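Student: For reference, this is input02.txt, and it has compact mmCIF, C-alpha atoms.
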```
# COMPACT_ATOMS: atom_id res chain seq x y z
CA MET M 164 -3.54 9.63 -3.00
CA SER M 165 -1.29 12.11 -4.75
CA PHE M 166 2.47 12.07 -4.07
CA VAL M 167 3.19 11.17 -0.43
CA ALA M 168 6.60 11.77 1.15
CA ASP M 169 8.07 10.83 4.52
CA PHE M 170 11.46 12.55 4.68
CA HIS M 171 12.68 11.78 8.21
CA ILE M 172 13.44 8.18 9.22
CA HIS M 173 16.36 6.22 10.63
CA SER M 174 18.32 3.20 9.41
CA LYS M 175 19.37 0.07 11.25
CA TYR M 176 22.59 1.93 12.13
CA SER M 177 20.79 4.28 14.52
CA ARG M 178 20.41 3.41 18.18
CA ALA M 179 17.19 1.74 19.33
CA THR M 180 16.24 1.00 15.73
CA SER M 181 14.90 -2.19 14.13
CA LYS M 182 17.32 -4.37 12.19
CA ASN M 183 14.69 -4.31 9.42
CA MET M 184 15.27 -0.63 8.73
CA ASP M 185 16.95 -1.41 5.42
CA ILE M 186 16.02 -0.49 1.89
CA PRO M 187 14.07 -3.66 0.92
CA HIS M 188 11.91 -3.56 4.06
CA LEU M 189 11.37 0.19 3.75
CA ALA M 190 10.30 -0.12 0.12
CA GLN M 191 7.93 -2.95 0.96
CA MET M 192 6.30 -1.01 3.79
CA ALA M 193 6.13 2.21 1.76
CA LYS M 194 4.10 0.39 -0.89
CA LEU M 195 1.75 -1.03 1.73
CA LYS M 196 1.30 2.40 3.30
CA GLY M 197 0.88 4.28 0.02
CA ILE M 198 4.09 6.33 0.35
CA ASN M 199 5.85 7.35 -2.86
CA LEU M 200 9.02 8.99 -1.52
CA VAL M 201 11.03 8.06 1.57
CA GLY M 202 14.02 9.80 3.11
CA THR M 203 16.95 7.43 3.46
CA GLY M 204 17.93 8.76 6.86
CA ASP M 205 21.45 8.37 8.24
CA PHE M 206 23.49 9.03 5.09
CA THR M 207 26.17 10.37 7.43
CA HIS M 208 26.90 6.79 8.56
CA PRO M 209 29.61 5.43 6.24
CA LEU M 210 28.30 1.83 6.25
CA TRP M 211 24.72 2.89 5.55
CA LEU M 212 25.91 5.18 2.76
CA GLU M 213 27.66 2.23 1.13
CA GLU M 214 24.46 0.17 1.37
CA LEU M 215 22.50 3.02 -0.20
CA LYS M 216 24.97 3.26 -3.08
CA ALA M 217 24.69 -0.50 -3.67
CA SER M 218 20.87 -0.61 -3.46
CA LEU M 219 19.52 2.58 -5.03
CA VAL M 220 19.33 3.46 -8.70
CA PRO M 221 19.69 7.20 -9.44
CA GLU M 222 16.89 8.98 -11.27
CA GLU M 223 17.46 12.16 -13.27
CA ASP M 224 15.85 14.50 -10.76
CA GLY M 225 17.90 14.15 -7.57
CA LEU M 226 15.90 11.15 -6.38
CA TYR M 227 16.74 7.44 -6.24
CA ARG M 228 14.69 4.30 -6.79
CA PHE M 229 14.36 0.82 -5.36
CA ASP M 230 11.61 -1.19 -7.07
CA GLU M 231 8.53 1.06 -7.01
CA THR M 232 9.67 3.35 -4.18
CA LEU M 233 11.59 6.59 -4.56
CA PHE M 234 14.19 7.74 -2.03
CA VAL M 235 15.86 11.05 -1.24
CA LEU M 236 19.14 11.34 0.64
CA THR M 237 18.48 12.66 4.14
CA ALA M 238 20.16 12.48 7.53
CA GLU M 239 19.43 13.75 11.04
CA VAL M 240 22.32 15.07 13.10
CA SER M 241 22.53 16.11 16.74
CA ASN M 242 24.23 19.48 17.12
CA ILE M 243 25.63 19.90 20.64
CA PHE M 244 27.27 23.25 21.32
CA TYR M 245 27.53 26.14 23.75
CA GLN M 246 25.86 29.44 22.87
CA GLY M 247 24.44 32.38 24.80
CA GLY M 248 25.79 31.10 28.09
CA LYS M 249 23.96 27.80 27.79
CA GLY M 250 24.56 24.29 26.47
CA ARG M 251 22.45 23.62 23.38
CA ARG M 252 21.27 20.34 21.87
CA ILE M 253 19.51 20.73 18.52
CA HIS M 254 18.51 18.06 16.00
CA ASN M 255 18.52 19.00 12.31
CA ILE M 256 17.63 17.17 9.09
CA ILE M 257 19.94 17.50 6.09
CA PHE M 258 18.70 17.01 2.52
CA ALA M 259 21.47 16.14 0.03
CA GLY M 260 21.09 16.07 -3.74
CA ASP M 261 23.27 13.08 -4.60
CA PHE M 262 25.94 10.72 -3.31
CA ALA M 263 28.76 13.09 -4.25
CA VAL M 264 27.22 15.80 -2.07
CA ALA M 265 26.63 13.30 0.75
CA GLU M 266 30.25 12.17 0.63
CA LYS M 267 31.47 15.77 0.60
CA LEU M 268 29.32 16.56 3.63
CA ASN M 269 30.54 13.47 5.46
CA ARG M 270 34.16 14.49 4.98
CA LYS M 271 33.38 17.88 6.51
CA LEU M 272 31.09 16.68 9.30
CA GLY M 273 33.46 13.89 10.26
CA LYS M 274 35.78 16.55 11.69
CA PHE M 275 33.18 17.38 14.35
CA GLY M 276 32.12 13.92 15.50
CA ASP M 277 32.42 10.16 15.01
CA LEU M 278 30.13 9.32 12.09
CA TYR M 279 30.48 5.58 12.76
CA SER M 280 29.12 5.86 16.29
CA ASP M 281 25.45 6.29 15.40
CA GLY M 282 23.18 6.83 12.42
CA ARG M 283 22.30 10.14 14.02
CA PRO M 284 25.78 11.40 14.93
CA ILE M 285 26.61 13.88 17.66
CA LEU M 286 28.42 16.87 16.17
CA LYS M 287 30.25 19.47 18.24
CA LEU M 288 29.07 22.10 15.83
CA SER M 289 26.63 24.99 16.10
CA ALA M 290 23.40 24.93 14.11
CA SER M 291 24.44 27.98 12.10
CA ASP M 292 27.81 26.44 11.24
CA LEU M 293 26.01 23.31 10.08
CA VAL M 294 23.93 25.36 7.64
CA GLU M 295 27.07 27.03 6.34
CA ILE M 296 28.73 23.67 5.69
CA VAL M 297 25.63 22.31 3.93
CA LEU M 298 25.36 25.38 1.69
CA GLU M 299 29.03 25.12 0.78
CA ALA M 300 28.54 21.48 -0.24
CA SER M 301 25.75 22.18 -2.73
CA GLU M 302 23.23 24.89 -3.61
CA ASP M 303 20.55 22.16 -3.75
CA ALA M 304 21.26 20.86 -0.24
CA PHE M 305 19.37 22.36 2.71
CA VAL M 306 18.62 22.01 6.42
CA VAL M 307 15.28 21.60 8.22
CA PRO M 308 15.17 21.84 12.05
CA ALA M 309 13.76 18.55 13.38
CA HIS M 310 10.77 18.07 15.75
CA ILE M 311 11.17 21.67 16.81
CA TRP M 312 9.31 21.57 20.15
CA THR M 313 10.49 18.38 21.90
CA PRO M 314 12.07 19.14 25.30
CA TRP M 315 15.50 17.59 25.00
CA PHE M 316 16.89 17.97 21.48
CA SER M 317 15.18 20.67 19.45
CA LEU M 318 15.10 24.27 18.31
CA PHE M 319 12.48 25.38 20.86
CA GLY M 320 13.06 22.60 23.41
CA ALA M 321 12.47 23.67 27.01
CA ASN M 322 15.74 22.17 28.23
CA SER M 323 18.33 23.21 25.66
CA GLY M 324 16.66 25.18 22.89
CA PHE M 325 16.10 28.80 21.89
CA ASP M 326 13.15 31.21 21.85
CA SER M 327 13.55 32.16 18.18
CA LEU M 328 15.15 30.95 14.96
CA GLU M 329 17.33 34.04 14.82
CA GLU M 330 18.85 33.18 18.19
CA CYS M 331 19.75 29.73 16.91
CA PHE M 332 20.75 30.30 13.27
CA GLY M 333 21.69 33.99 13.22
CA SER M 334 22.25 35.31 9.69
CA TYR M 335 21.68 31.82 8.29
CA THR M 336 18.00 31.93 9.29
CA ARG M 337 17.22 33.14 5.76
CA TYR M 338 18.31 29.72 4.48
CA ILE M 339 15.81 27.88 6.67
CA TYR M 340 12.64 27.35 4.65
CA ALA M 341 10.76 24.68 6.59
CA LEU M 342 10.27 23.39 10.13
CA GLU M 343 9.33 19.88 11.23
CA THR M 344 6.48 19.98 13.74
CA GLY M 345 7.19 16.62 15.42
CA LEU M 346 4.71 14.08 16.76
CA SER M 347 3.79 16.11 19.85
CA SER M 348 2.68 19.20 17.93
CA ASP M 349 0.67 19.85 14.80
CA PRO M 350 0.32 22.87 12.49
CA GLU M 351 -2.59 24.28 14.49
CA MET M 352 -0.37 24.58 17.55
CA ASN M 353 2.45 26.18 15.53
CA TRP M 354 0.04 28.71 14.01
CA ARG M 355 -0.25 30.30 17.47
CA VAL M 356 3.32 31.62 17.03
CA SER M 357 3.21 34.42 14.45
CA SER M 358 7.00 34.46 13.94
CA LEU M 359 6.71 31.00 12.34
CA ASP M 360 4.32 32.11 9.59
CA ARG M 361 7.15 32.60 7.11
CA PHE M 362 8.22 28.95 7.38
CA THR M 363 6.55 25.94 5.75
CA LEU M 364 5.57 23.24 8.24
CA ILE M 365 6.37 19.64 7.33
CA SER M 366 5.59 16.40 9.16
CA ASN M 367 7.47 13.10 9.12
CA SER M 368 7.45 9.80 10.98
CA ASP M 369 10.96 9.80 12.50
CA ALA M 370 10.45 6.04 12.16
CA HIS M 371 12.73 3.59 13.97
CA SER M 372 10.91 0.51 12.60
CA PRO M 373 9.15 -0.13 9.27
CA SER M 374 5.69 -0.30 10.84
CA ARG M 375 6.05 3.31 12.05
CA LEU M 376 6.80 4.62 8.56
CA GLY M 377 4.35 7.32 7.51
CA ARG M 378 2.74 7.90 10.90
CA GLU M 379 3.19 11.51 9.80
CA ALA M 380 3.81 12.52 6.18
CA ASN M 381 3.52 15.21 3.49
CA VAL M 382 1.16 15.11 0.51
CA PHE M 383 2.09 16.86 -2.74
CA SER M 384 0.05 17.23 -5.92
CA GLU M 385 2.55 15.38 -8.13
CA ARG M 386 6.00 13.86 -8.27
CA LEU M 387 8.56 16.55 -7.56
CA THR M 388 12.30 16.71 -8.10
CA LEU M 389 14.49 17.51 -5.11
CA GLY M 390 14.96 21.02 -6.46
CA GLU M 391 11.21 21.43 -6.79
CA ILE M 392 10.68 20.16 -3.25
CA LYS M 393 13.09 22.80 -2.00
CA ARG M 394 11.29 25.55 -3.97
CA VAL M 395 7.87 24.39 -2.78
CA LEU M 396 9.03 24.55 0.82
CA GLU M 397 10.69 27.92 0.29
CA ARG M 398 7.53 29.43 -1.20
CA GLY M 399 4.91 27.53 0.80
CA ASP M 400 3.31 26.58 -2.51
CA LYS M 401 -0.25 25.46 -1.69
CA LYS M 402 -0.92 24.33 -5.25
CA LYS M 403 1.79 21.70 -5.02
CA PHE M 404 1.94 21.09 -1.25
CA LEU M 405 -1.60 19.92 -0.52
CA TYR M 406 -1.54 18.97 3.18
CA THR M 407 0.31 17.14 5.93
CA ILE M 408 -0.79 13.94 7.61
CA GLU M 409 -0.63 14.33 11.39
CA PHE M 410 -0.69 12.35 14.61
CA PHE M 411 -3.18 13.63 17.13
CA PRO M 412 -0.51 15.67 18.93
CA GLN M 413 -1.83 14.64 22.35
CA GLU M 414 -0.63 11.13 21.50
CA GLY M 415 2.96 12.36 21.20
CA LYS M 416 5.18 11.47 24.14
CA TYR M 417 6.05 15.06 25.03
CA HIS M 418 2.72 16.83 24.55
CA TYR M 419 2.02 17.57 28.23
CA ASP M 420 4.37 18.32 31.11
CA GLY M 421 5.13 15.66 33.64
CA HIS M 422 7.39 13.33 35.55
CA ARG M 423 7.32 9.75 34.31
CA LYS M 424 8.92 8.19 37.41
CA CYS M 425 6.15 9.58 39.59
CA ASP M 426 3.29 9.07 37.10
CA ILE M 427 2.64 12.81 37.08
CA SER M 428 1.03 14.33 33.96
CA PHE M 429 0.11 18.02 34.00
CA SER M 430 -1.39 20.53 31.62
CA PRO M 431 0.62 23.76 31.35
CA SER M 432 -1.69 25.53 33.80
CA GLU M 433 -1.34 22.71 36.33
CA SER M 434 2.45 22.87 35.99
CA ARG M 435 2.43 26.60 36.62
CA THR M 436 0.31 26.04 39.73
CA HIS M 437 3.02 23.69 41.00
CA LYS M 438 5.82 26.02 39.81
CA ASP M 439 7.00 23.31 37.39
CA ILE M 440 7.92 21.04 40.32
CA CYS M 441 6.78 17.43 40.77
CA PRO M 442 4.50 17.32 43.83
CA LYS M 443 5.59 13.76 44.68
CA CYS M 444 9.38 13.95 44.63
CA GLY M 445 10.17 17.66 44.41
CA GLY M 446 12.10 17.23 41.17
CA LYS M 447 11.77 19.44 38.12
CA LEU M 448 8.99 18.50 35.70
CA THR M 449 9.81 17.83 32.06
CA ILE M 450 8.17 20.77 30.31
CA GLY M 451 6.33 19.55 27.25
CA VAL M 452 5.41 20.91 23.86
CA MET M 453 2.06 22.47 24.73
CA HIS M 454 3.67 24.48 27.54
CA ARG M 455 6.38 25.83 25.24
CA VAL M 456 3.87 26.73 22.54
CA GLU M 457 1.83 28.69 25.06
CA SER M 458 4.99 30.40 26.33
CA LEU M 459 6.13 31.56 22.89
CA GLY M 460 2.73 31.94 21.26
CA ASP M 461 1.09 35.31 20.66
CA ARG M 462 -2.24 34.09 19.25
CA GLU M 463 -5.30 32.36 20.60
CA GLU M 464 -5.95 28.69 19.93
CA GLY M 465 -7.74 28.14 16.60
CA PHE M 466 -6.07 30.93 14.61
CA VAL M 467 -5.34 29.96 10.98
CA PRO M 468 -2.75 32.11 9.13
CA GLU M 469 -3.48 33.13 5.56
CA GLY M 470 -1.74 30.84 3.08
CA SER M 471 -1.03 28.06 5.57
CA ILE M 472 -0.80 24.44 4.38
CA PRO M 473 -3.79 22.38 5.62
CA PHE M 474 -3.49 19.14 7.57
CA LYS M 475 -5.43 15.97 8.33
CA ARG M 476 -5.19 14.05 11.60
CA VAL M 477 -5.09 10.26 11.55
CA VAL M 478 -4.69 7.31 13.88
CA PRO M 479 -2.47 4.63 12.29
CA LEU M 480 -4.52 1.76 10.90
CA ALA M 481 -2.66 -0.80 13.01
CA GLU M 482 -3.69 1.11 16.16
CA ILE M 483 -7.32 1.13 15.03
CA ILE M 484 -7.28 -2.62 14.37
CA ALA M 485 -5.51 -3.24 17.69
CA GLU M 486 -8.20 -1.41 19.63
CA VAL M 487 -11.02 -3.23 17.87
CA LEU M 488 -9.40 -6.65 18.37
CA ASN M 489 -8.17 -5.78 21.89
CA GLN M 490 -4.69 -6.99 20.92
CA GLY M 491 -1.25 -5.42 20.93
CA ARG M 492 -0.40 -3.24 17.95
CA ASP M 493 2.55 -5.43 17.03
CA SER M 494 0.72 -8.75 17.49
CA LYS M 495 0.48 -11.20 14.60
CA GLY M 496 -3.30 -10.94 14.54
CA VAL M 497 -3.15 -7.18 14.06
CA GLU M 498 -0.37 -7.37 11.49
CA ASP M 499 -2.21 -10.01 9.41
CA ARG M 500 -5.39 -7.95 9.28
CA TYR M 501 -3.47 -4.76 8.61
CA ARG M 502 -1.71 -6.27 5.61
CA ALA M 503 -4.94 -7.77 4.28
CA ILE M 504 -6.89 -4.50 4.54
CA ALA M 505 -4.14 -2.20 3.25
CA GLY M 506 -3.27 -4.58 0.42
CA ARG M 507 -6.87 -5.01 -0.68
CA LEU M 508 -7.80 -1.32 -0.61
CA GLY M 509 -4.73 0.28 -2.16
CA GLY M 510 -2.67 1.25 0.87
CA GLU M 511 -3.12 2.47 4.43
CA PHE M 512 -3.54 6.15 3.57
CA ARG M 513 -6.30 5.40 1.10
CA VAL M 514 -8.07 3.38 3.81
CA LEU M 515 -7.71 6.14 6.41
CA LEU M 516 -8.41 9.17 4.23
CA GLU M 517 -10.22 8.31 0.99
CA ALA M 518 -12.18 5.05 0.90
CA SER M 519 -15.90 5.52 1.52
CA SER M 520 -17.70 3.75 4.33
CA GLU M 521 -19.53 1.69 1.73
CA GLU M 522 -16.27 0.56 0.13
CA LEU M 523 -14.74 -0.20 3.51
CA SER M 524 -17.75 -2.30 4.49
CA ARG M 525 -16.84 -4.81 1.79
CA SER M 526 -13.35 -5.36 3.21
CA VAL M 527 -13.37 -4.68 6.96
CA SER M 528 -15.54 -5.54 9.95
CA PRO M 529 -18.26 -3.07 10.99
CA GLU M 530 -16.25 -2.16 14.10
CA ILE M 531 -13.15 -1.23 12.09
CA ASN M 532 -15.29 0.71 9.61
CA GLU M 533 -16.94 2.63 12.45
CA ALA M 534 -13.59 3.35 14.08
CA ILE M 535 -12.13 4.75 10.85
CA MET M 536 -15.14 7.03 10.40
CA ARG M 537 -14.84 8.27 13.97
CA VAL M 538 -11.17 9.13 13.51
CA ARG M 539 -11.99 11.09 10.33
CA GLU M 540 -14.55 13.05 12.32
CA GLU M 541 -12.07 13.39 15.24
CA ARG M 542 -14.50 11.73 17.62
CA VAL M 543 -11.82 10.23 19.85
CA LYS M 544 -10.78 10.44 23.48
CA ILE M 545 -7.11 10.99 24.24
CA GLU M 546 -5.00 10.69 27.35
CA CYS M 547 -2.11 13.07 26.71
CA GLY M 548 1.47 11.88 26.45
CA TYR M 549 4.12 13.31 28.79
CA ASP M 550 7.82 12.94 29.70
CA GLY M 551 8.55 10.18 27.17
CA VAL M 552 5.23 8.33 27.63
CA TYR M 553 3.04 8.13 24.53
CA GLY M 554 -0.57 9.26 24.91
CA LYS M 555 -3.44 6.79 24.63
CA ILE M 556 -6.29 7.10 22.17
CA SER M 557 -9.71 5.55 22.69
CA ILE M 558 -11.89 5.48 19.59
CA LEU M 559 -14.82 3.20 20.36
CA GLY M 560 -14.64 3.43 24.16
CA GLU M 561 -17.50 1.88 26.07
CA GLU M 562 -19.42 1.23 22.87
CA LYS M 563 -16.84 -1.27 21.63
CA LYS M 564 -18.39 -4.61 20.86
CA GLU M 565 -16.75 -8.00 20.66
CA ALA M 566 -14.25 -7.92 17.79
CA GLN M 567 -15.22 -9.63 14.58
CA LEU M 568 -12.15 -11.73 13.85
CA ASP M 569 -12.99 -12.58 10.26
CA LEU M 570 -12.72 -10.09 7.42
CA PHE M 571 -15.51 -10.07 4.89
```
Reformat the file's structure so that it appears as structure tokens.
Tutor:
Amino acid sequence: MSFVADFHIHSKYSRATSKNMDIPHLAQMAKLKGINLVGTGDFTHPLWLEELKASLVPEEDGLYRFDETLFVLTAEVSNIFYQGGKGRRIHNIIFAGDFAVAEKLNRKLGKFGDLYSDGRPILKLSASDLVEIVLEASEDAFVVPAHIWTPWFSLFGANSGFDSLEECFGSYTRYIYALETGLSSDPEMNWRVSSLDRFTLISNSDAHSPSRLGREANVFSERLTLGEIKRVLERGDKKKFLYTIEFFPQEGKYHYDGHRKCDISFSPSESRTHKDICPKCGGKLTIGVMHRVESLGDREEGFVPEGSIPFKRVVPLAEIIAEVLNQGRDSKGVEDRYRAIAGRLGGEFRVLLEASSEELSRSVSPEINEAIMRVREERVKIECGYDGVYGKISILGEEKKEAQLDLF
């Protein structure tokens, strides 16, 4: 692999997050995955910031190091505000150049919410005002709207978002260089909206546990400084930004419309037939990402804009092993085999994207080898996620044989 970065994660100080989301565990998992650069997440939380200062060694280029893993100071915040006659709830990622900038931002942001309450704090602050505060803190700091299509807390979210960046950020839109696609959408879906062509699309894991690190990521040609990362995103530099690593978006938990309590999952056309109402209980459906993309899109499916950054879809290796072994993803059997395979072959991403079938055959069972090849060729069946329920991927399907429990 080249230089792999996962910018958006959370620490143990965020709600519903593993206690192992600390620097040592993150560095260990990053090495196993093949990730070079990890966002710290949550630098707005005072206790986490103190842990970061105690654990990380500053490099000369705006990055930090722990053992072999590089880190960049990032945080996600939840902007809750009233604009255009409607309550808005928007999540944004902040990139900060160093601890001094992070501390300066925390002093400012602490006036708009309790930073101790959560690693992802709620700020009574508009998205445009957030950008203004970040720019005042440092010319190297910047904001990226997070998981821009999810229904509840995002830029284009059906429940509390906007229909354009200009509506949300106003005159500060010119300081937005990149957008995070989120697990329930991929670049191909975003390419249907021509107004997004001027923004670089990035993908991150939004991990709440170490095992989820890198489920989406960004691949660059070489190690970049924070300033270079900002310039690459601003320019959409295809020579340095090679591609993103993507979930199959149907697996994301807000891809389709639906109502979880009633087990209702609808495509956008089915929702429109039912006037966005659950046929079982009469409640309003949660409108998913695909529906919003179709609502705002002005291009047919399959359009590829000139100069766009490519992408590659993957299924996490642990999910592949779990299907082959017919065990839970987080079971000990799956974890043991995952660590053995990834450790032997130079990291999860090399296994999923680079190792040949012949090389894999010397380290994995034939069923796992076949499953990896099928994912690369996108020969999978997917039951779409909806209303907070993750989608389900079937790789081997009816052809799955009894799992071979011993590695070669």
Student: Which residue gives the smallest distance to Gln191 of chain M among M:Leu559, M:Leu233, M:Ile257, M:Val167, with all atoms listed in the file counted?
Tutor: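 Looking at the shortest contact to Gln191 of chain M, the residue is M:Leu233.
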Student: Give me the residues within 12 Å of segment 395-403 of chain M as JSON, numbers by chain, counting only C-alpha atoms and dropping any in the same chain fewer than 3 places off.
Tutor: {"M": [165, 166, 167, 305, 306, 307, 337, 338, 339, 340, 341, 342, 343, 360, 361, 362, 363, 364, 365, 381, 382, 383, 384, 385, 386, 387, 388, 389, 390, 391, 392, 406, 407, 469, 470, 471, 472, 473, 474]}
Student: List as a PyMOL selection string the protein and nucleic acid residues near Ala263 of chain M, meaning an atom at most 10 Å away when all atoms listed in the file are counted, but skip any in the same chain fewer than 4 places from it.
Tutor: chain M and resi 259+267-269+300-301
Student: Quote the spacing between atom CA of Lys196 of chain M and atom CA of Gly377 of chain M in Å to one decimal place.
Tutor: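 Computed distance, atom CA of Lys196 of chain M to atom CA of Gly377 of chain M, equals 7.2 Å.
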Student: To one decimal place in Å, what is the distance between atom CA of Gly248 of chain M and atom CA of Val294 of chain M?
Tutor: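 Straight-line distance from atom CA of Gly248 of chain M to atom CA of Val294 of chain M works out to 21.3 Å.
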Student: What does the distance from atom CA of Ser347 of chain M to atom CA of Met192 of chain M come to in Å, to one decimal?
Tutor: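 For atom CA of Ser347 of chain M relative to atom CA of Met192 of chain M, the distance reads 23.6 Å.
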Student: Calculated over only C-alpha atoms, which of the candidates M:Arg375, M:His254, M:His173, M:Arg178 has the smallest distance to Ser280 of chain M?
Tutor: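 Distance minimum relative to Ser280 of chain M lands on M:Arg178.
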Student: Taking (1.7, 20.3, 31.9) in the file's coordinates as the center, which residues reach within 7 Å of it, counting all atoms listed in the file, put as a list of chain:residue names?
Tutor: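 Residues close enough to count: M:Tyr419, M:Asp420, M:Gly421, M:Ser428, M:Phe429, M:Ser430, M:Pro431, M:Ser432, M:Glu433, M:Ser434, M:Ile450, M:Gly451, M:His454.
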Student: Would you mind exporting C-alpha atoms of the selected residues as a PDB file, keeping the file's coordinate frame?
Tutor:
```
ATOM      1  CA  TYR M 419       2.020  17.570  28.230  1.00  0.00           C
ATOM      2  CA  ASP M 420       4.370  18.320  31.110  1.00  0.00           C
ATOM      3  CA  GLY M 421       5.130  15.660  33.640  1.00  0.00           C
ATOM      4  CA  SER M 428       1.030  14.330  33.960  1.00  0.00           C
ATOM      5  CA  PHE M 429       0.110  18.020  34.000  1.00  0.00           C
ATOM      6  CA  SER M 430      -1.390  20.530  31.620  1.00  0.00           C
ATOM      7  CA  PRO M 431       0.620  23.760  31.350  1.00  0.00           C
ATOM      8  CA  SER M 432      -1.690  25.530  33.800  1.00  0.00           C
ATOM      9  CA  GLU M 433      -1.340  22.710  36.330  1.00  0.00           C
ATOM     10  CA  SER M 434       2.450  22.870  35.990  1.00  0.00           C
ATOM     11  CA  ILE M 450       8.170  20.770  30.310  1.00  0.00           C
ATOM     12  CA  GLY M 451       6.330  19.550  27.250  1.00  0.00           C
ATOM     13  CA  HIS M 454       3.670  24.480  27.540  1.00  0.00           C
TER      14      HIS M 454
END
```
Student: Name the residues in contact with segment 456-468 of chain M at a cut-off of 10 Å, using all atoms listed in the file, excluding same-chain residues fewer than 5 positions from it; report them as a PDB file with C-alpha atoms, keeping the file's coordinate frame.
Tutor:
```
ATOM      1  CA  TRP M 312       9.310  21.570  20.150  1.00  0.00           C
ATOM      2  CA  PHE M 319      12.480  25.380  20.860  1.00  0.00           C
ATOM      3  CA  ASP M 326      13.150  31.210  21.850  1.00  0.00           C
ATOM      4  CA  SER M 327      13.550  32.160  18.180  1.00  0.00           C
ATOM      5  CA  SER M 348       2.680  19.200  17.930  1.00  0.00           C
ATOM      6  CA  PRO M 350       0.320  22.870  12.490  1.00  0.00           C
ATOM      7  CA  GLU M 351      -2.590  24.280  14.490  1.00  0.00           C
ATOM      8  CA  MET M 352      -0.370  24.580  17.550  1.00  0.00           C
ATOM      9  CA  ASN M 353       2.450  26.180  15.530  1.00  0.00           C
ATOM     10  CA  TRP M 354       0.040  28.710  14.010  1.00  0.00           C
ATOM     11  CA  ARG M 355      -0.250  30.300  17.470  1.00  0.00           C
ATOM     12  CA  VAL M 356       3.320  31.620  17.030  1.00  0.00           C
ATOM     13  CA  SER M 357       3.210  34.420  14.450  1.00  0.00           C
ATOM     14  CA  SER M 358       7.000  34.460  13.940  1.00  0.00           C
ATOM     15  CA  LEU M 359       6.710  31.000  12.340  1.00  0.00           C
ATOM     16  CA  ASP M 360       4.320  32.110   9.590  1.00  0.00           C
ATOM     17  CA  PRO M 431       0.620  23.760  31.350  1.00  0.00           C
ATOM     18  CA  SER M 432      -1.690  25.530  33.800  1.00  0.00           C
ATOM     19  CA  GLY M 451       6.330  19.550  27.250  1.00  0.00           C
ATOM     20  CA  PRO M 473      -3.790  22.380   5.620  1.00  0.00           C
TER      21      PRO M 473
END
```
Student: For Asp230 of chain M, which of M:Pro284, M:Gly510, M:Pro187, M:Gly260 is the closest residue, counting all atoms listed in the file?
Tutor: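 Answer, going by the shortest atom-to-atom distance: M:Pro187.
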Student: Pick from M:Arg525, M:His208, M:Arg492, M:Arg378: nearest to Ile504 of chain M, with all atoms listed in the file counted?
Tutor: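 Of M:Arg525, M:His208, M:Arg492, M:Arg378, the one nearest Ile504 of chain M is M:Arg525, counting all atoms listed in the file.
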Student: Name the residues within 10 Å of (-13.3, 7.9, 17.1), counting all atoms listed in the file in the file's coordinates, and put them as a compact mmCIF listing (two decimals) with C-alpha atoms, keeping the file's coordinate frame.
Tutor:
```txt
# COMPACT_ATOMS: atom_id res chain seq x y z
CA VAL M 478 -4.69 7.31 13.88
CA ILE M 483 -7.32 1.13 15.03
CA GLU M 533 -16.94 2.63 12.45
CA ALA M 534 -13.59 3.35 14.08
CA ILE M 535 -12.13 4.75 10.85
CA MET M 536 -15.14 7.03 10.40
CA ARG M 537 -14.84 8.27 13.97
CA VAL M 538 -11.17 9.13 13.51
CA ARG M 539 -11.99 11.09 10.33
CA GLU M 540 -14.55 13.05 12.32
CA GLU M 541 -12.07 13.39 15.24
CA ARG M 542 -14.50 11.73 17.62
CA VAL M 543 -11.82 10.23 19.85
CA LYS M 544 -10.78 10.44 23.48
CA ILE M 545 -7.11 10.99 24.24
CA ILE M 556 -6.29 7.10 22.17
CA SER M 557 -9.71 5.55 22.69
CA ILE M 558 -11.89 5.48 19.59
CA LEU M 559 -14.82 3.20 20.36
CA GLY M 560 -14.64 3.43 24.16
```
Student: Would you compute an axis-aligned box for segment 520-525 of chain M, covering every atom listed for it in the file with 6 Å of margin on each side, and report centre and edge lengths in Å to one decimal as lines of an AutoDock Vina configuration file?
Tutor:
```
center_x = -17.1
center_y = -0.5
center_z = 2.3
size_x = 16.8
size_y = 20.6
size_z = 16.4
```
Student: Which is closest to Trp315 of chain M among M:Tyr417, M:Phe512, M:Phe411, M:Tyr553, if we use all atoms listed in the file?
Tutor: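 Comparing M:Tyr417, M:Phe512, M:Phe411, M:Tyr553 against Trp315 of chain M, the winner is M:Tyr417.
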Student: Measuring between all atoms listed in the file, which one of M:Gly282, M:Tyr549, M:Val487, M:Asp499 shows the shortest distance to His371 of chain M?
Tutor: M:Gly282
Student: Using only C-alpha atoms, determine which residues lie at most 12 Å from Glu213 of chain M, disregarding the query and same-chain residues fewer than 5 positions distant; provide the list as a list in words.
Tutor: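 Contacts, in chain order: Ile186, Asp205, Phe206, Thr207, His208, Ser218, Leu219, Phe262, Ala265 and Glu266 of chain M.
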Student: Considering all atoms listed in the file, return as a list in words whatever protein or nucleic-acid residues lie within 12 Å of segment 424-426 of chain M, sequence-local ones (same chain, fewer than 6 positions apart) excluded.
Tutor: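 Using all atoms listed in the file, the neighbours found are Ile440, Cys441, Pro442, Lys443, Cys444, Gly445, Gly446, Lys447, Leu448, Thr449, Gly548, Tyr549, Asp550, Gly551 and Val552 of chain M.
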